[in-house]
Every structure is written in structure tokens, then in C-alpha cells.
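Everything below concerns the one structure shown next.
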Amino acid sequence: MSDEYEHKLEAKSDYATDASSVSSPDLDAVPEAELPDQELYHSHSWWTTYVFSQDAKYIGIQYALTAVGTGLLGLVLSWLMRIQLAFPGLGWLDPAAYYQFVTMHGMIMVVYLLTALFLGGFGNLLIPLMCGARDMAFPYVNMLSYWAFVVAVVVLLASFFVPGGPTGAGWTLYPPQAITAGTPGSDMGIILMLVSLILFVAGFTMGGLNYIITVLQLRARGMTLMRLPLTIWGIFTATVLAMFAFPALLVGCLMMTLDSLLGTSFFMPAMVSLGETLTHEGGSPILFQHLFWFFGHPEVYIVALPAFGIVSDLLSVHSRKTIFGYRMMVWAIVGIGALSFFVWAHHMYVSGMNPWFGFFFATTTLIIAVPTAIKVYNWILTLWRGNIQLSLPMLFSLGFIVTFLNGGLTGLFLGNVTVDVPLSDTYFVVAHFHMVMGIAPILVIFGAIYHWYPLITGRMMNETLGKIHFWFTFIGSYAIYFPMHYQGFVGVPRRYFEIYDSPYIDTSTLLLNKFITIAVLIVGAAQLLFLYNLITSARLGKKSEKNPWKACSLEWQTPQMPPEHGNWGKELPKVYRWPYDFSVPGAKEDYIPQNQPPSEIIGAKVEKT
Amino acid sequence: MSNKKSIFQLLTEKPWEKDQIEVDNKHQGQTVNLSKQKLGLRTIMAASTVLFSLFIVAYSDRMLISDWKNMPEPWLLWLNTGILVISSLVFHMTTKYAQKDNFDKTKNGLYFVGFLAYFFLIGQLIVWYQLMNTGYYATTNVANAFFYLFTTIHGLHIVGGIYFWGKTTSKFIKRTYKKEEINNLIDTCAVYWHFLLAVWIVLFGLMLSS
């Protein structure tokens, strides 16, 4: 490769002569910048400022609002399903509508809400700020990424308005039923869903390219990879996973689109449908399952790893304590990421497979519990003897630890083939994955929004409303999902729109269904409180100080808050330490920002174990 | 610059220790000594490699089912492969000319590469046309469907390459950009061309051998 270009273009001499380095050159000495400053795109018109913006912070907010808007639809769908389950006598939904809502709820929540919010929303907002960059590496591509996401969402929502409605194949979209007559939305709905996913993958690849290159190449001087906040490690590793996992979804979607539109037989076996022999022959439905879950399992960690990273930072900041075992946390994130590609078939135990195959995947699944457990221990040890502030982000982080532990433990059960086979089609699985990848990441998202809201708006969110929101959400989600474990054990099957008067199902489960639905509606109402808080605080909230949580990481150290276009004013920050120097003995304040020069904190014993 | 470190060395750094702090403060903020375009291309190539590998896995898996009927490979495909090889060679030479600052030869090289890329795409379309005329539709057998799918996805990658080739060529002809900057772009495009050649050879070889 002939790529050894010297980047030593006109070293900026004025960079090294700021006030602090003159006063004590030996302490704060940093070599001159060898890399040129990033060229920024400046918007000229209303359109390029507010619509097709190329500023990563703004794109992050656009991503987040679009994702939350779509997620709210997913939430409403879940209310409708729950009302049907609790009061089947009302005739509220017909089976087709129920399946369609199940499918859309699942797909929206996993892909269009969680993935887009964590990577597109928090990734765009935090990566340049936390790394000390002015913007993403390719701002134009970043803008395209957001608009591809918008088009994907529009296509997805359009499927509600086509003949036959959206697809009702379940979020896993298994062929042959997904594209066979009899499944709701098997002609137009499924096509729109597949096209929307293809667009999402294309858009995400553009965004992911930006996240990876920005984290690797555009950090501030002094910001080594091991000085990055764990938030960035989580988002970065999740992005790498996504770049490897989404192609599998793309392959599956493309081939199924062809099966449906052209009548090819990639996945479609020879079959008789409604008395007629179809033209397909020989296709392999199992192949789709492998492709789907090769994407689907890493997807769980694409959602979980950013949550792990963010919650680590929230816990550290709000307990005024260094994160326990920073390196171990990084290794766990990377290890979980790598392992997540070797566990996919544990979603397919009931599809039928060689017993040794199942044994292999059960083993890898249980091994992944080791780095995950390390993380949980480290979060608890971070809290140990910390100066715990029961602020809103801390409350949600604590809620996350408990919920994640709960969902993780049921995962240990389901990872075993013999336990999974009887439970896999019951509400036990529903409870498990909602706990571990629904409620747990959502709690982190709430904590993160309460934490970084001042960075976006310059105002704090209302504390009292936030606490009410927390307790309703936290206790409410246990009221919803704990009973589901029990329902699963007594054998209530998933995906049934009505249980009828089955002699095999105990009447207590019907009572529980009513209880769960009431809890769902109460938790839903609490989310409206959150939305009210989110909207009104932007105008009426208490003005925030510059660094309201006294955090060390770079995003709070910008010259203006909220940060302006270009983030850092004239001069990029210089980083002298990692982001976890809390409560350092001898220091004036209980935190030392990453970019504070050493000459200003003489006397502080920075080194520690 | 920490480009000499392995990932294991990197992950075992202790950022809180005094010696490490001194080393870290000298860090320039870049992980590997590559331009962002080149590293970006590598990222895209990695993702594309995963994509094509999964297609190949699907192909190999589907091939085992008894309804599989192999498709003939028209001789035109060999010609197209030859065009792709030549365009890759020409692009390699163009990067050398660009380094030697030979404006005219670089310009001609770039034009020729673009011409060959379009030529390749047209050639692929003719292959499609021939196959459809002889009754090898995508629905006839899944082997045909895979052929159309592979050529489409590969062709779309080429179209993407042509877009960036166009941007690079127009920048080059304007002569207003720095030499390092434009050479970096030409090199990046050339690497992508070699990558697409390699992908095509693997796909073509797979279809020949099965």
C-alpha cells in the first residue's frame, strides 16, 4: 500500500502557545498538532441548517426525535394488543390485526427505535463531543444516513395504508408463511417491510462508517482509545457489530423480496397453498432463519452495548467515583461483541438441529454470561462506597442494573436446549426479552436523556415529574413482566390473540392478563408525563450551569453550552487524562475534567489503581 | 502515532498510570496512519466482504438441494472478466502516473478506467439479455436467480465506484486541489477497483466450479 503520506501540513504554531503551557511548559507540554484541523461545512440557508443539516449534534437530535416518534407508535400498538388480550370479549381486534400489530411493534421497537436511537441519536450527539472532534468524518454522508432512515420509516408506515395492511408474519419474518397467502399483508405489506429494512441497512451503513472513522481517526490530541469514556466504547463496538450483522439481514431481505416479487425459490419450498400448487420448489426456509438470526442475535448486543457504555458513565458520574475496572469493562464490551456472532442458533432450538449443534450454541450462550456478569459486578463495585447522588440518571441506572440482571438470569435458563424447548413458545420468552432488551435499555435511554438534556437545551428537566416518571416506569414494568414469567411456566402460548376457554390454561392467567393490561396502560400514561416534561422543559426548565453534573468527559467542557457548530470554538481541546478522575485526593473540586492542564491541579494525586 | 501497536497492547494500556499518562499526552488523536477516505474504504470493504460471504454461504447451502440445475457460463463472461482485469491494471498504472505528477497520462488513465467500467456493465447486461433469450430466467431455477443476484449486487458496487471515480476525476481535472489530496483519492478508488475485481473473480469462480 502506498499510503504513507505525511500529514505534516503546516503545523499550527499558535496551537501550542496558549496561556497554561506558557506558565508551566514542562507539565503541560504537548507536542504540536501534526494533523490539520477538520474543515467544516457551514450551512447557508434555512434548508441546510434545519432540514438537511450536516452538524452531527443536530443530526443526532433529528435521529432521536424520529426514532422516538416511531417508537411511540410501537407503544400505542402494544396498548391495543394488551387490551385485546385482557378483554377478548370486546372483539377489539381480529386475529389479522393482532398479528400485524405484534409484527410492527416488534420491528419498530428493535430496529427503528432502539438501534436508531442508540447509534443514530446518541452516537451522533456524543461521538464528536466525547472524542473532542469538530464533527463526524463525513458530514454529508451522515446527513444522507439520517434521510435514508426517514425514508425507511416512511416506507414502513406506508404499509399501514396499502391493501392488506402491514405484514403479520412476526418480527422474524420467517418464510414461507411471511409471503404466502393467509398471512396478513403477505403481498404488499411484507414487500414494504423488506424494502424499508433494506433502506434502513443502507442508511445505517453510511452512519456506521462515520461513527467508526470518527472514533478511530478524529479524536483530540491526547485522547488515546483507552482514555475514551465507556459510552464511546459501547457505541463504537456496537457499530462494528452492526456493520458485520446488518449484511445478513440485507441478504435475507433481498432474497425474500425476490421470492415474493419474481417468484424465485431461495427460501420457498414446493408447497400447496389454498389448494393450489405454488411455482416455488426446493427453497430452504431454514437458510433464512440462519441469516436472520446471524443478524438478530448481534442486534441484541447492538442495542445492549451502547446501553452498557452509557450506564457505566452515568453510574460513575452520579456516584462521584471512578468506574471500577475500566479495562475489564472495555474487554467485556469487546468480548461480548465478538462472542455475539457465535450464539445465533440458540434462537432456533425448536427449528430442529443436530444435537451437537445445539450443544455448541448452548455452550457459547452460557459463556457470554461471563463478561456480562463481570460488567454487572463492576457496576455494583462502582457504587460501593461511592458518594451516590440519587439524581434521575442514577435512579434509572440503578433500575437498569436490577432489570438487566433479572432478564439476564432468565436468559441463562433459556440458553439451555432442554429448558428452552418447552418454554420457547410461551410468555416466559416474551418476559425474558422484554426485560433484557426492552425495559433495561429503555431505562438507560431515559437516564441518558435526563443526563444529557442540559447539553442539548441548556436547561434541566423537571426533577419531580422525572421521579414520578421513574417510579411508575420501574415498578410498572415489573408489574407487567413478572406475571408473564408465571404465565409462561403454566404454558400460555405467545402470539395467540385470544386464549378461548382452553381447559389447559388456568383461569388465573386470564385474571393476570387483565392485571398486566391495566399496568401497561398506567405505565403508558406515565410516559406521557415524560413527554410533557421533555417538551416543556426546553422552554420552562431551570437554566443549567455549564457542567451541571460535574462530569469529567469532554462533552461538558465545550466553550459554550449547548455547544455551537464546530463544538470547540477556535481551538480543539487537549486531553491529559481519562474521564474518570472523580474525588481525587488533594484536588480542589471532586472531579478533574479531561482537558484540565496538569499545572492547574498541582497537589492532586492523580495516580491510582 | 500509535499505529505500531497491536490491538492487545492497546487494550492492556493502563491510562491512569504515570508513565502511560506521559505517553498518552503525546498522542495525536489518530489510531492508524491512514487518511479517513482510505480507512473509510476499508470499513466499507469489510462490510461488503461480509455481504458477499453471506451470499456465497447461501449459495453453497442452497446448491445442495436436489432441484439445483447448473447454468451455462456464456463466453462473454470471460471477456467481461478480462475487461475488469484490464481496468484494474490501468488503474494501478494511473496511480503511479499520479505519483509522478504526470497530468496527461493520469487523466487518460482515469478516462480509460471509467470507459472500461461502463463497458463492463454493458457487457454484463448483454450477458443477461443472452441468457434470458435462451430461457434462463430467474424463476426457471434458483441457480439462475443466484447468477442474476450476484451480478446485480456486484454491478451496483461498480456503479458506486463509478460515482466516486467521477468525483475524483472532476476534482483532478480542475487542478485546484492539493496533490496529496487528489492522489489519496485516486489511490482509494484504485484499491476499490482491485477489491471489486477480487470479488468478481471469487463469484465467477464459484459459479464456474459448481
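By convention here, the chains of the C-alpha cells are called A, B, ... in the order presented, each chain's residues are numbered starting at 1, and ligands are numbered starting at 1 in the order presented.
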Practice prompt. Using only C-alpha atoms, select each residue of chain B with any atom at most 9 Å away from an atom of chain A, and give the selection as an MDAnalysis selection string.
Written response: chainID B and resid 2 10:18 21:41 43:44 46:48 50:52 54:55 58 61:62 65:68 138:142 145:146 149 180 184 187
Worksheet item: Hey, what's within 9 Å of Val523 of chain A if we count only C-alpha atoms and toss same-chain stuff fewer than 5 positions away? As a list in words, please?
Response: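 Counting only the stated atoms, we get His469, Phe472, Thr473, Phe474, Ile475, Gly476, Ser477 and Ile518 of chain A.
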Item to complete: Pick out the closest residue to Met461 of chain A from this set: A:Leu529, A:Leu156, A:Leu126, A:Ile191. Count only C-alpha atoms.
Response: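 Counting only C-alpha atoms, the residue closest to Met461 of chain A is A:Leu529.
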Worksheet entry | Which of B:Val127, B:Leu156, B:Ile173, B:Ile186 sits closest to Pro74 of chain B [using only C-alpha atoms] | B:Val127
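Take the candidates B:Ile56, B:Thr95, B:Ile83, B:Cys189 and check each one against Gly205 of chain B using only C-alpha atoms; the shortest distance goes to B:Ile56.
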Worksheet entry | Counting only C-alpha atoms, the option among B:His194, B:Lys107, B:Lys100, B:His157 closest to Phe172 of chain B |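 Checking each candidate against Phe172 of chain B, we get B:Lys107 as the closest.
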Fill in: In segment 19-165 of chain B, DSSP helix (DSSP H, G or I) residues written as a ChimeraX atom specification
/B:19-25,36-63,75-99,103-133,142-165
Worksheet item: So, counting only C-alpha atoms, which residue among B:Trp128, B:Phe120, B:Phe115, B:Tyr136 is closest to Val85 of chain B?
Response: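 Ranking B:Trp128, B:Phe120, B:Phe115, B:Tyr136 by distance to Val85 of chain B, first place goes to B:Phe120.
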